[in-house]
$ cat target.cif   # mmCIF, C-alpha atoms
data_model
loop_
_atom_site.label_atom_id
_atom_site.label_comp_id
_atom_site.auth_asym_id
_atom_site.auth_seq_id
_atom_site.Cartn_x
_atom_site.Cartn_y
_atom_site.Cartn_z
CA MET A 1 11.83 24.14 22.11
CA VAL A 2 11.25 22.13 18.95
CA ILE A 3 12.18 18.85 20.64
CA GLU A 4 9.96 19.64 23.61
CA ILE A 5 6.99 20.43 21.36
CA THR A 6 7.57 17.32 19.27
CA LEU A 7 7.76 15.09 22.35
CA ARG A 8 4.63 16.70 23.77
CA SER A 9 2.79 16.08 20.52
CA VAL A 10 3.82 12.43 20.45
CA TYR A 11 2.91 12.02 24.14
CA VAL A 12 -0.51 13.69 23.89
CA SER A 13 -1.54 11.94 20.67
CA GLY A 14 -0.10 8.62 21.87
CA LEU A 15 -2.15 8.95 25.05
CA ALA A 16 -5.22 9.85 22.98
CA THR A 17 -4.72 6.77 20.80
CA LEU A 18 -4.28 4.55 23.85
CA LEU A 19 -7.39 5.97 25.49
CA ALA A 20 -9.46 5.61 22.33
CA SER A 21 -8.16 2.08 21.72
CA SER A 22 -9.15 1.01 25.23
CA TRP A 23 -12.83 1.52 24.46
CA SER A 24 -12.95 1.45 20.67
CA LEU A 25 -11.29 -1.93 20.07
CA PRO A 26 -13.68 -3.88 22.34
CA LEU A 27 -16.59 -1.86 20.97
CA GLY A 28 -15.57 -2.52 17.36
CA ALA A 29 -15.06 -6.22 18.06
CA ALA A 30 -18.45 -6.47 19.77
CA ILE A 31 -20.23 -4.72 16.90
CA ALA A 32 -18.53 -6.97 14.34
CA LEU A 33 -18.89 -10.29 16.17
CA LYS A 34 -22.35 -9.92 17.72
CA ASN A 35 -25.64 -9.95 15.89
CA PHE A 36 -28.09 -7.47 17.37
CA ARG A 37 -31.00 -5.32 16.32
CA GLY A 38 -29.85 -1.93 15.07
CA LYS A 39 -26.38 -3.14 14.07
CA ARG A 40 -26.51 -1.42 10.70
CA PRO A 41 -27.52 2.03 12.08
CA VAL A 42 -24.81 1.79 14.73
CA LYS A 43 -22.19 1.06 12.06
CA GLY A 44 -23.62 3.87 9.97
CA LEU A 45 -23.36 6.27 12.90
CA PHE A 46 -19.66 5.57 13.42
CA ASN A 47 -19.02 5.84 9.69
CA THR A 48 -20.77 9.22 9.67
CA LEU A 49 -18.73 10.43 12.65
CA LEU A 50 -15.55 9.78 10.66
CA GLY A 51 -16.17 13.14 9.06
CA MET A 52 -16.56 15.06 12.34
CA PRO A 53 -14.96 18.54 11.91
CA THR A 54 -12.27 18.97 14.53
CA VAL A 55 -13.29 22.56 15.20
CA ALA A 56 -16.87 21.48 15.94
CA LEU A 57 -15.63 18.82 18.35
CA GLY A 58 -13.23 21.34 19.87
CA LEU A 59 -16.07 23.80 20.47
CA LEU A 60 -18.31 21.14 22.06
CA LEU A 61 -15.48 20.03 24.33
CA TYR A 62 -14.65 23.64 25.19
CA LEU A 63 -18.23 24.20 26.29
CA ALA A 64 -18.23 20.96 28.29
CA LEU A 65 -14.88 21.58 29.97
CA SER A 66 -15.20 25.33 30.60
CA ARG A 67 -15.69 26.42 34.19
CA SER A 68 -19.47 26.72 33.80
CA GLY A 69 -19.77 23.56 31.68
CA PRO A 70 -20.96 20.15 32.90
CA LEU A 71 -17.38 18.85 33.14
CA GLY A 72 -15.88 22.09 34.41
CA PHE A 73 -15.27 20.60 37.86
CA LEU A 74 -12.56 18.38 36.32
CA GLN A 75 -10.48 21.50 35.61
CA LEU A 76 -9.08 19.98 32.45
CA LEU A 77 -9.45 22.92 30.11
CA TYR A 78 -6.11 24.13 28.69
CA THR A 79 -4.24 21.02 29.83
CA PRO A 80 -2.53 18.32 27.75
CA MET A 81 -5.12 15.88 29.15
CA ALA A 82 -7.92 17.94 27.60
CA ILE A 83 -6.24 17.68 24.19
CA ALA A 84 -5.71 13.94 24.66
CA LEU A 85 -9.35 13.46 25.64
CA GLY A 86 -10.56 15.50 22.66
CA GLN A 87 -8.31 13.65 20.23
CA ALA A 88 -9.41 10.32 21.73
CA ILE A 89 -13.04 11.21 21.01
CA LEU A 90 -12.05 12.41 17.54
CA VAL A 91 -10.35 9.13 16.59
CA THR A 92 -12.88 6.80 18.23
CA PRO A 93 -14.98 6.48 15.03
CA ILE A 94 -11.82 5.69 13.04
CA ILE A 95 -10.83 2.80 15.30
CA VAL A 96 -14.38 1.48 15.66
CA SER A 97 -15.22 1.64 11.94
CA PHE A 98 -11.90 0.21 10.75
CA THR A 99 -11.99 -2.54 13.40
CA VAL A 100 -15.52 -3.55 12.42
CA SER A 101 -14.54 -3.54 8.76
CA ALA A 102 -11.36 -5.57 9.41
CA ILE A 103 -13.17 -8.21 11.47
CA GLU A 104 -16.09 -8.47 9.07
CA SER A 105 -13.73 -9.02 6.18
CA VAL A 106 -12.36 -12.17 7.84
CA ASP A 107 -13.70 -15.38 6.31
CA PRO A 108 -16.77 -16.21 8.46
CA GLU A 109 -15.72 -19.86 8.46
CA ILE A 110 -12.57 -19.01 10.48
CA ARG A 111 -14.70 -18.97 13.61
CA ASP A 112 -16.17 -22.39 12.80
CA LEU A 113 -12.70 -23.65 11.95
CA ALA A 114 -11.36 -22.61 15.34
CA ARG A 115 -14.36 -24.21 17.05
CA THR A 116 -13.90 -27.47 15.22
CA LEU A 117 -10.25 -27.52 16.25
CA GLY A 118 -11.33 -27.38 19.87
CA ALA A 119 -11.55 -23.65 20.60
CA SER A 120 -14.00 -22.23 23.12
CA GLU A 121 -16.23 -19.36 22.01
CA LEU A 122 -13.73 -16.87 23.44
CA GLN A 123 -10.79 -18.57 21.73
CA ALA A 124 -12.73 -18.70 18.44
CA GLY A 125 -13.43 -14.96 18.75
CA LEU A 126 -9.74 -14.33 19.41
CA ALA A 127 -8.85 -16.38 16.34
CA VAL A 128 -11.04 -14.08 14.25
CA LEU A 129 -9.37 -11.04 15.86
CA GLY A 130 -5.98 -12.54 15.05
CA GLU A 131 -6.96 -12.76 11.39
CA ALA A 132 -8.17 -9.15 11.49
CA ALA A 133 -5.14 -7.86 13.43
CA GLY A 134 -3.46 -6.34 10.39
CA GLY A 135 -6.50 -4.15 9.77
CA VAL A 136 -6.86 -3.31 13.45
CA VAL A 137 -3.21 -2.22 13.70
CA LEU A 138 -3.79 -0.07 10.63
CA ALA A 139 -6.81 1.49 12.36
CA VAL A 140 -4.77 2.34 15.45
CA THR A 141 -1.93 3.74 13.35
CA ALA A 142 -4.31 5.86 11.28
CA SER A 143 -5.85 7.13 14.52
CA PHE A 144 -2.50 8.25 15.91
CA ASN A 145 -1.71 9.98 12.65
CA ARG A 146 -5.10 11.71 12.64
CA ALA A 147 -4.67 12.78 16.27
CA ILE A 148 -1.17 14.21 15.89
CA ALA A 149 -2.10 16.03 12.69
CA GLU A 150 -5.32 17.69 13.90
CA LEU A 151 -5.46 21.35 14.89
CA GLY A 152 -8.99 22.28 15.96
CA VAL A 153 -9.21 20.31 19.21
CA ALA A 154 -5.63 21.11 20.28
CA LEU A 155 -6.20 24.81 19.72
CA MET A 156 -9.62 25.12 21.34
CA VAL A 157 -9.21 22.97 24.46
CA GLY A 158 -5.42 23.22 24.71
CA GLY A 159 -5.16 26.95 24.24
CA ASN A 160 -1.68 26.72 22.65
CA ILE A 161 0.00 27.71 25.94
CA ARG A 162 3.76 27.88 25.63
CA GLY A 163 5.53 25.19 27.62
CA ALA A 164 2.25 23.53 28.57
CA THR A 165 -0.12 22.71 25.71
CA ARG A 166 1.72 23.88 22.64
CA VAL A 167 1.97 21.01 20.15
CA LEU A 168 3.31 20.71 16.60
CA THR A 169 0.14 21.70 14.75
CA THR A 170 -0.69 24.68 16.96
CA THR A 171 2.92 25.89 16.74
CA ILE A 172 2.93 25.57 12.96
CA ALA A 173 -0.27 27.64 12.76
CA LEU A 174 1.07 30.23 15.18
CA GLU A 175 4.50 30.61 13.61
CA THR A 176 3.03 30.85 10.10
CA THR A 177 0.62 33.62 11.11
CA ARG A 178 3.56 35.40 12.76
CA GLY A 179 5.45 35.25 9.46
CA GLU A 180 7.97 32.67 10.69
CA ILE A 181 7.54 30.64 7.52
CA VAL A 182 10.89 28.82 7.75
CA LEU A 183 10.16 27.61 11.28
CA GLY A 184 6.65 26.62 10.17
CA ILE A 185 8.09 24.57 7.31
CA ALA A 186 10.67 22.95 9.60
CA LEU A 187 7.98 21.94 12.09
CA THR A 188 5.80 20.64 9.26
CA ILE A 189 8.68 18.45 8.06
CA ILE A 190 9.09 17.10 11.60
CA LEU A 191 5.35 16.37 11.79
CA LEU A 192 5.47 14.56 8.46
CA LEU A 193 8.55 12.61 9.53
CA VAL A 194 6.80 11.43 12.71
CA VAL A 195 3.70 10.36 10.76
CA PHE A 196 5.57 8.67 7.91
CA SER A 197 8.10 6.96 10.20
CA LEU A 198 5.37 5.40 12.29
CA SER A 199 3.44 4.22 9.23
CA LEU A 200 6.60 2.77 7.70
CA ALA A 201 7.59 0.99 10.92
CA VAL A 202 4.11 -0.51 11.33
CA ASN A 203 4.09 -1.56 7.70
CA LEU A 204 7.45 -3.31 7.98
CA ALA A 205 6.55 -4.97 11.29
CA GLY A 206 3.21 -6.12 9.86
CA ARG A 207 4.92 -7.96 7.02
CA ARG A 208 6.99 -10.01 9.44
CA THR A 209 4.35 -10.64 12.06
CA THR A 210 1.70 -13.31 12.31
CA TRP A 211 -0.84 -12.18 14.86
CA ARG A 212 -2.08 -14.89 17.20
CA PHE A 213 -4.04 -14.38 20.40
CA MET B 1 -22.15 -41.22 18.22
CA GLU B 2 -25.88 -41.07 18.00
CA LEU B 3 -28.25 -38.40 16.74
CA LYS B 4 -31.86 -38.64 17.82
CA ASP B 5 -34.66 -36.77 16.11
CA ILE B 6 -32.54 -33.76 15.13
CA VAL B 7 -34.36 -30.75 13.71
CA LYS B 8 -32.62 -27.66 12.38
CA THR B 9 -34.23 -24.77 10.56
CA TYR B 10 -32.88 -21.60 8.99
CA GLY B 11 -35.84 -19.23 9.02
CA ARG B 12 -38.53 -20.98 7.00
CA ILE B 13 -36.16 -23.55 5.54
CA THR B 14 -35.93 -26.88 7.29
CA ALA B 15 -32.34 -28.08 6.88
CA LEU B 16 -32.76 -31.21 8.99
CA ASP B 17 -36.14 -32.77 9.53
CA HIS B 18 -36.22 -35.22 12.46
CA VAL B 19 -32.99 -36.96 11.53
CA SER B 20 -31.78 -39.93 13.58
CA LEU B 21 -28.50 -41.69 12.90
CA LYS B 22 -26.12 -43.98 14.74
CA VAL B 23 -22.42 -43.96 13.85
CA ARG B 24 -20.27 -46.87 14.96
CA ARG B 25 -16.79 -46.37 16.36
CA GLY B 26 -14.10 -46.76 13.69
CA GLU B 27 -16.40 -46.90 10.69
CA THR B 28 -16.35 -44.63 7.66
CA LEU B 29 -19.83 -43.37 6.97
CA ALA B 30 -20.68 -41.43 3.84
CA LEU B 31 -23.49 -38.87 4.01
CA LEU B 32 -24.60 -38.99 0.42
CA GLY B 33 -26.94 -36.47 -1.15
CA SER B 34 -27.21 -33.61 -3.57
CA ASN B 35 -26.56 -29.96 -2.71
CA GLY B 36 -29.00 -28.67 -0.11
CA ALA B 37 -29.71 -32.12 1.31
CA GLY B 38 -28.55 -31.02 4.79
CA LYS B 39 -25.18 -32.79 4.84
CA THR B 40 -23.10 -29.78 5.94
CA THR B 41 -25.63 -28.82 8.61
CA MET B 42 -25.52 -32.39 9.88
CA LEU B 43 -21.71 -32.36 10.06
CA LYS B 44 -21.64 -29.01 11.84
CA ILE B 45 -24.10 -30.26 14.44
CA MET B 46 -22.07 -33.46 14.87
CA GLY B 47 -18.93 -31.36 15.37
CA GLY B 48 -20.59 -29.14 17.95
CA ILE B 49 -20.22 -25.95 15.95
CA LEU B 50 -23.92 -25.58 15.20
CA LYS B 51 -26.77 -26.08 17.60
CA GLN B 52 -29.83 -28.08 16.67
CA ASP B 53 -33.31 -26.64 17.32
CA SER B 54 -34.48 -29.90 18.86
CA GLY B 55 -33.35 -33.47 19.29
CA ASN B 56 -30.40 -34.95 21.14
CA ILE B 57 -26.81 -35.90 20.41
CA TYR B 58 -25.00 -38.62 22.30
CA TYR B 59 -21.24 -39.05 22.22
CA GLY B 60 -20.44 -42.40 23.76
CA ARG B 61 -22.69 -42.37 26.81
CA GLU B 62 -22.65 -38.61 27.20
CA LYS B 63 -25.61 -36.53 26.15
CA ILE B 64 -24.16 -33.41 24.56
CA ASP B 65 -25.41 -30.04 25.74
CA ASP B 66 -23.90 -26.58 26.33
CA ARG B 67 -22.01 -27.79 29.40
CA ASN B 68 -20.06 -30.58 27.72
CA LEU B 69 -19.89 -29.26 24.17
CA LYS B 70 -16.14 -29.06 24.66
CA LEU B 71 -16.05 -32.88 24.84
CA LEU B 72 -17.36 -33.06 21.29
CA ARG B 73 -15.15 -30.25 20.00
CA ARG B 74 -12.02 -31.70 21.56
CA ASN B 75 -12.61 -35.22 20.19
CA SER B 76 -13.71 -34.31 16.71
CA THR B 77 -12.53 -32.06 13.94
CA MET B 78 -13.89 -31.01 10.61
CA VAL B 79 -12.38 -30.41 7.20
CA PHE B 80 -14.43 -27.96 5.19
CA GLN B 81 -15.40 -28.06 1.53
CA LYS B 82 -13.88 -24.65 0.97
CA THR B 83 -10.36 -24.75 2.37
CA VAL B 84 -10.24 -22.52 5.41
CA LEU B 85 -6.80 -21.68 6.76
CA PHE B 86 -5.41 -19.17 9.19
CA ASN B 87 -3.36 -16.43 7.62
CA SER B 88 -0.02 -17.77 8.79
CA ASP B 89 2.46 -20.43 7.74
CA VAL B 90 1.83 -24.15 7.33
CA TYR B 91 3.31 -24.98 10.74
CA GLY B 92 1.10 -22.43 12.53
CA ASN B 93 -2.00 -23.85 10.89
CA VAL B 94 -1.26 -27.46 11.75
CA ALA B 95 -0.14 -26.58 15.28
CA TYR B 96 -3.20 -24.47 16.20
CA GLY B 97 -5.43 -27.28 17.52
CA LEU B 98 -2.51 -28.86 19.38
CA GLU B 99 -1.70 -25.52 21.04
CA LEU B 100 -5.31 -25.28 22.21
CA ARG B 101 -4.85 -28.70 23.82
CA ARG B 102 -1.65 -27.48 25.49
CA ILE B 103 0.48 -30.25 23.98
CA PRO B 104 4.11 -29.86 25.16
CA GLU B 105 6.32 -28.11 22.60
CA ALA B 106 8.53 -31.09 21.72
CA ASP B 107 5.59 -33.43 21.21
CA LEU B 108 3.73 -30.72 19.32
CA GLU B 109 6.56 -30.24 16.87
CA HIS B 110 6.86 -33.98 16.34
CA ARG B 111 3.13 -34.33 15.67
CA VAL B 112 3.09 -31.41 13.24
CA ARG B 113 6.00 -32.85 11.27
CA GLU B 114 4.49 -36.34 11.34
CA ALA B 115 1.15 -35.04 10.05
CA LEU B 116 2.82 -33.02 7.29
CA SER B 117 4.79 -36.08 6.29
CA GLN B 118 1.58 -38.14 6.09
CA VAL B 119 0.10 -35.69 3.60
CA GLY B 120 3.33 -35.33 1.62
CA LEU B 121 4.14 -31.79 2.71
CA GLU B 122 7.48 -32.34 4.45
CA GLY B 123 9.58 -29.19 4.40
CA TYR B 124 6.56 -26.92 3.93
CA GLU B 125 6.50 -25.78 7.58
CA LYS B 126 7.56 -22.19 6.98
CA ARG B 127 5.64 -21.66 3.76
CA PRO B 128 2.85 -19.06 4.05
CA VAL B 129 -0.39 -20.91 3.28
CA LYS B 130 -1.39 -18.23 0.77
CA THR B 131 1.47 -19.33 -1.49
CA LEU B 132 0.21 -22.93 -1.73
CA SER B 133 -1.94 -24.42 -4.49
CA GLY B 134 -5.56 -25.42 -3.77
CA GLY B 135 -4.59 -29.09 -3.46
CA GLU B 136 -1.73 -28.32 -1.10
CA GLN B 137 -3.98 -26.11 1.01
CA GLN B 138 -6.52 -28.90 1.38
CA ARG B 139 -3.72 -31.25 2.38
CA VAL B 140 -2.73 -28.74 5.08
CA SER B 141 -6.34 -28.95 6.31
CA LEU B 142 -6.06 -32.71 6.46
CA ALA B 143 -2.67 -32.54 8.19
CA ARG B 144 -4.25 -30.25 10.79
CA ALA B 145 -6.91 -32.89 11.40
CA LEU B 146 -4.38 -35.75 11.39
CA ALA B 147 -2.16 -34.00 13.94
CA LEU B 148 -5.03 -33.94 16.43
CA LYS B 149 -5.56 -37.72 16.14
CA PRO B 150 -9.31 -37.14 16.50
CA GLU B 151 -11.76 -39.88 17.47
CA LEU B 152 -14.23 -38.42 15.00
CA LEU B 153 -13.26 -36.85 11.68
CA LEU B 154 -15.90 -34.89 9.76
CA LEU B 155 -15.17 -34.27 6.11
CA ASP B 156 -17.37 -31.91 4.14
CA GLU B 157 -16.90 -32.55 0.42
CA PRO B 158 -13.12 -32.46 0.89
CA THR B 159 -12.32 -33.03 -2.78
CA ALA B 160 -15.10 -30.96 -4.36
CA ASN B 161 -12.81 -28.12 -5.43
CA LEU B 162 -9.79 -30.20 -6.41
CA ASP B 163 -8.48 -31.51 -9.72
CA PRO B 164 -8.54 -35.32 -10.17
CA GLU B 165 -4.88 -35.74 -9.20
CA ASN B 166 -5.20 -33.82 -5.95
CA ALA B 167 -8.58 -35.42 -5.25
CA ALA B 168 -6.96 -38.87 -5.54
CA ALA B 169 -4.17 -37.79 -3.19
CA VAL B 170 -6.69 -36.54 -0.63
CA GLU B 171 -8.74 -39.75 -0.91
CA LYS B 172 -5.59 -41.76 -0.26
CA ILE B 173 -5.00 -39.77 2.92
CA ILE B 174 -8.61 -40.29 4.01
CA LYS B 175 -8.19 -44.05 3.56
CA GLU B 176 -5.28 -43.91 6.01
CA PHE B 177 -7.67 -42.65 8.69
CA LYS B 178 -9.88 -45.72 8.29
CA GLY B 179 -10.17 -47.99 11.28
CA ALA B 180 -8.30 -45.80 13.74
CA THR B 181 -10.77 -42.95 13.43
CA THR B 182 -14.49 -42.69 12.92
CA VAL B 183 -14.89 -40.82 9.65
CA ILE B 184 -18.04 -39.15 8.43
CA LEU B 185 -17.75 -37.98 4.87
CA ALA B 186 -20.34 -35.69 3.30
CA THR B 187 -20.29 -36.06 -0.45
CA HIS B 188 -22.50 -35.88 -3.52
CA ASN B 189 -19.99 -38.01 -5.38
CA LEU B 190 -21.42 -41.51 -5.74
CA PHE B 191 -18.10 -43.03 -6.77
CA GLN B 192 -16.29 -41.47 -3.84
CA ALA B 193 -18.92 -42.67 -1.37
CA LYS B 194 -18.58 -46.19 -2.73
CA ARG B 195 -14.77 -46.10 -2.75
CA LEU B 196 -14.30 -44.76 0.75
CA SER B 197 -17.19 -45.76 2.97
CA ASP B 198 -18.21 -48.80 4.99
CA ARG B 199 -21.76 -47.52 5.19
CA ILE B 200 -23.81 -44.89 3.37
CA ALA B 201 -26.64 -42.71 4.64
CA TYR B 202 -28.59 -41.11 1.83
CA MET B 203 -30.09 -37.69 2.54
CA ALA B 204 -32.58 -35.65 0.54
CA ARG B 205 -34.08 -32.25 1.46
CA GLY B 206 -33.17 -32.53 5.13
CA VAL B 207 -34.47 -36.06 5.52
CA LEU B 208 -32.35 -39.13 6.09
CA VAL B 209 -33.96 -41.37 3.51
CA GLU B 210 -32.14 -44.62 4.17
CA GLU B 211 -28.86 -46.09 5.28
CA GLY B 212 -27.02 -49.27 4.49
CA SER B 213 -23.86 -50.79 3.08
CA PRO B 214 -22.62 -49.42 -0.27
CA GLU B 215 -23.89 -52.61 -1.87
CA GLU B 216 -27.36 -52.20 -0.37
CA ILE B 217 -27.60 -48.55 -1.34
CA PHE B 218 -26.36 -49.04 -4.88
CA GLN B 219 -27.78 -52.48 -5.69
CA ARG B 220 -30.89 -52.77 -3.56
CA PRO B 221 -32.12 -49.30 -2.53
CA ARG B 222 -35.31 -49.55 -0.50
CA ASP B 223 -36.56 -46.05 -1.22
CA GLU B 224 -37.48 -44.70 -4.62
CA ARG B 225 -35.63 -41.40 -3.92
CA THR B 226 -32.41 -43.33 -3.27
CA ALA B 227 -32.93 -45.40 -6.37
CA ARG B 228 -33.40 -42.29 -8.48
CA PHE B 229 -30.24 -40.72 -7.06
CA VAL B 230 -28.01 -43.74 -7.64
CA ARG B 231 -29.63 -44.88 -10.87
CA GLY B 232 -27.20 -43.13 -13.13
CA PHE B 233 -24.39 -45.00 -11.48
CA ALA B 234 -25.82 -48.31 -10.35
CA PHE B 235 -28.34 -49.31 -12.95
#

$ encode --input "target.cif" --output "structure tokens"
Amino acid sequence: MVIEITLRSVYVSGLATLLASSWSLPLGAAIALKNFRGKRPVKGLFNTLLGMPTVALGLLLYLALSRSGPLGFLQLLYTPMAIALGQAILVTPIIVSFTVSAIESVDPEIRDLARTLGASELQAGLAVLGEAAGGVVLAVTASFNRAIAELGVALMVGGNIRGATRVLTTTIALETTRGEIVLGIALTIILLLVVFSLSLAVNLAGRRTTWRF
Amino acid sequence: MELKDIVKTYGRITALDHVSLKVRRGETLALLGSNGAGKTTMLKIMGGILKQDSGNIYYGREKIDDRNLKLLRRNSTMVFQKTVLFNSDVYGNVAYGLELRRIPEADLEHRVREALSQVGLEGYEKRPVKTLSGGEQQRVSLARALALKPELLLLDEPTANLDPENAAAVEKIIKEFKGATTVILATHNLFQAKRLSDRIAYMARGVLVEEGSPEEIFQRPRDERTARFVRGFAF
């Protein structure tokens, strides 16, 4: 049971991180690299959304995905996909804000340098992304950790259904309220191990990697 | 290369005010002037990394526009006043421009090593650039330019942030470019302009005041602004 729940947690949150990365990384790069009117408010909006309470997001998603909601026809409520979608929305501001910050902290002359060495505009943009890659990887890692550790979304749109949508955080909450403290502690240690192992692995890999696109 | 009637503004500030200049193949031209004269803007436009508001650039017989900007970028390279390096090792930095040109691996490696040898950095290939001194970092920048064997080399105050010893080393490397490459050197250093250049163009407040040989500029300046600038040195 424990292994199954752990694997489901990693799968759902991994999927959420992948989904969020697919739209957040290009969005973050575009916000950082392009100059447009309203850039500052857009960045401010994503920074503000960093503090989005998971229960609030869970409730909004529940209303949207419930049978009478606007997305009810998708029949996603109480499925692992619903949790993944909710977590993806939850971590989107993390990836966008951290990506923008990482790219903007790159020396602005890097782009000119790449151009003067013969790079096209696209290649020059990729050179900047390469310089920011460490920060971007950190953003994605932090997002996975946030997703796997959150409870509100998983509980409200997942329903904590045994064998279907039960993940580490919902099981910890359930077992603790049932007085199964030892099991709750064991699951918490597993959750911490997953989070810390990933962070450690990324940290070690980052030290040995030079990112070039 | 020829610039005709180039104008560039940043908001209300006119960085280049109807500048025209012809650069001969193989010569070393110094763009002399104090800070804010428009030298860096001029170099960036010449290197195709900044677009002029009006005026035309000709490279050989080609008029440069958005469609053939690549021609300019592929045949020129620029070394910046502030050393700008990719966050990787020395080899990766020097190889970057060659990789963009899809130089075969064996030739690429040879050219990187040759360029590093020319700037006295043999054996530095695997060193992370962040661990190098300021002088060594600027030499990596020069090696990166050397490896490309550019037709046009644009140098923006390349010794401004270096101690005299490193500045002398960098000047020695620049001299090795002479003849084979057209070099345009932006500097406010009168001595350096005289030491390195075949011809000097004096700029002030976005205007190209006058151009001539070092002797003409220092001994017989035609314009009062040039005379004032060089007076401390020449008279």

$ interface_residues --input "target.cif" --of "chain B" --to "chain A" --cutoff "6 Å" --atoms "only C-alpha atoms" --output "ChimeraX atom specification"
/B:73-74,77-78,88,97

$ residues_around --input "target.cif" --residues "Gly206 in chain B" --least-positions-apart "4" --cutoff "6 Å" --atoms "all atoms listed in the file" --output "PyMOL selection string"
chain B and resi 15-17+37-38

$ resolve_selection --input "target.cif" --expression "the PyMOL selection byres ((chain A and resi 86) around 10)" --output "number ranges by chain"
A: 13, 16, 20, 54, 57-58, 60-62, 80-85, 87-91, 147, 152-154, 156-158

$ closest_residue --input "target.cif" --among "B:Glu151, B:Asp66, B:Glu165, B:Glu216" --to "Phe177 in chain B" --atoms "all atoms listed in the file"
B:Glu151

$ closest_residue --input "target.cif" --among "A:Ala142, A:Val136, A:Ala149, A:Leu155" --to "Leu59 in chain A" --atoms "all atoms listed in the file"
A:Leu155

$ resolve_selection --input "target.cif" --expression "the PyMOL selection byres ((chain B and resi 48-62) around 9)" --output "compact mmCIF listing (two decimals) with C-alpha atoms, keeping the file's coordinate frame"
# COMPACT_ATOMS: atom_id res chain seq x y z
CA ASP A 112 -16.17 -22.39 12.80
CA LEU A 113 -12.70 -23.65 11.95
CA ARG A 115 -14.36 -24.21 17.05
CA THR A 116 -13.90 -27.47 15.22
CA MET B 1 -22.15 -41.22 18.22
CA GLU B 2 -25.88 -41.07 18.00
CA LEU B 3 -28.25 -38.40 16.74
CA LYS B 4 -31.86 -38.64 17.82
CA ASP B 5 -34.66 -36.77 16.11
CA ILE B 6 -32.54 -33.76 15.13
CA VAL B 7 -34.36 -30.75 13.71
CA LYS B 8 -32.62 -27.66 12.38
CA THR B 9 -34.23 -24.77 10.56
CA LEU B 16 -32.76 -31.21 8.99
CA HIS B 18 -36.22 -35.22 12.46
CA VAL B 19 -32.99 -36.96 11.53
CA SER B 20 -31.78 -39.93 13.58
CA THR B 41 -25.63 -28.82 8.61
CA MET B 42 -25.52 -32.39 9.88
CA LEU B 43 -21.71 -32.36 10.06
CA LYS B 44 -21.64 -29.01 11.84
CA ILE B 45 -24.10 -30.26 14.44
CA MET B 46 -22.07 -33.46 14.87
CA GLY B 47 -18.93 -31.36 15.37
CA LYS B 63 -25.61 -36.53 26.15
CA ILE B 64 -24.16 -33.41 24.56
CA ASP B 65 -25.41 -30.04 25.74
CA ASN B 68 -20.06 -30.58 27.72
CA LEU B 69 -19.89 -29.26 24.17
CA LYS B 70 -16.14 -29.06 24.66
CA LEU B 71 -16.05 -32.88 24.84
CA LEU B 72 -17.36 -33.06 21.29
CA ARG B 73 -15.15 -30.25 20.00
CA SER B 76 -13.71 -34.31 16.71

$ residues_around --input "target.cif" --residues "Asn87 in chain B" --least-positions-apart "2" --cutoff "8 Å" --atoms "all atoms listed in the file" --output "PyMOL selection string"
(chain A and resi 131+210) or (chain B and resi 85+89+128-130)

$ atom_distance --input "target.cif" --atom1 "CA of Ser199 in chain A" --atom2 "CA of Thr171 in chain A"
22.9 Å

$ residues_near_point --input "target.cif" --point "(-28.9, -50.0, 6.2)" --cutoff "12 Å" --atoms "all atoms listed in the file" --output "ChimeraX atom specification"
/B:21-23,29,198-202,208-218,220-223

$ closest_residue --input "target.cif" --among "B:Ile13, B:Glu27, B:Asp156, B:Lys82" --to "Gly179 in chain B" --atoms "all atoms listed in the file"
B:Glu27

$ atom_distance --input "target.cif" --atom1 "CA of Leu116 in chain B" --atom2 "CA of Leu155 in chain B"
18.1 Å

$ closest_residue --input "target.cif" --among "A:Glu104, A:Glu150, A:Phe98, A:Thr177" --to "Pro53 in chain A" --atoms "only C-alpha atoms"
A:Glu150

$ resolve_selection --input "target.cif" --expression "the PyMOL selection byres ((chain B and resi 141) around 9)" --output "PyMOL selection string"
chain B and resi 78-80+83-85+93-94+136-140+142-146
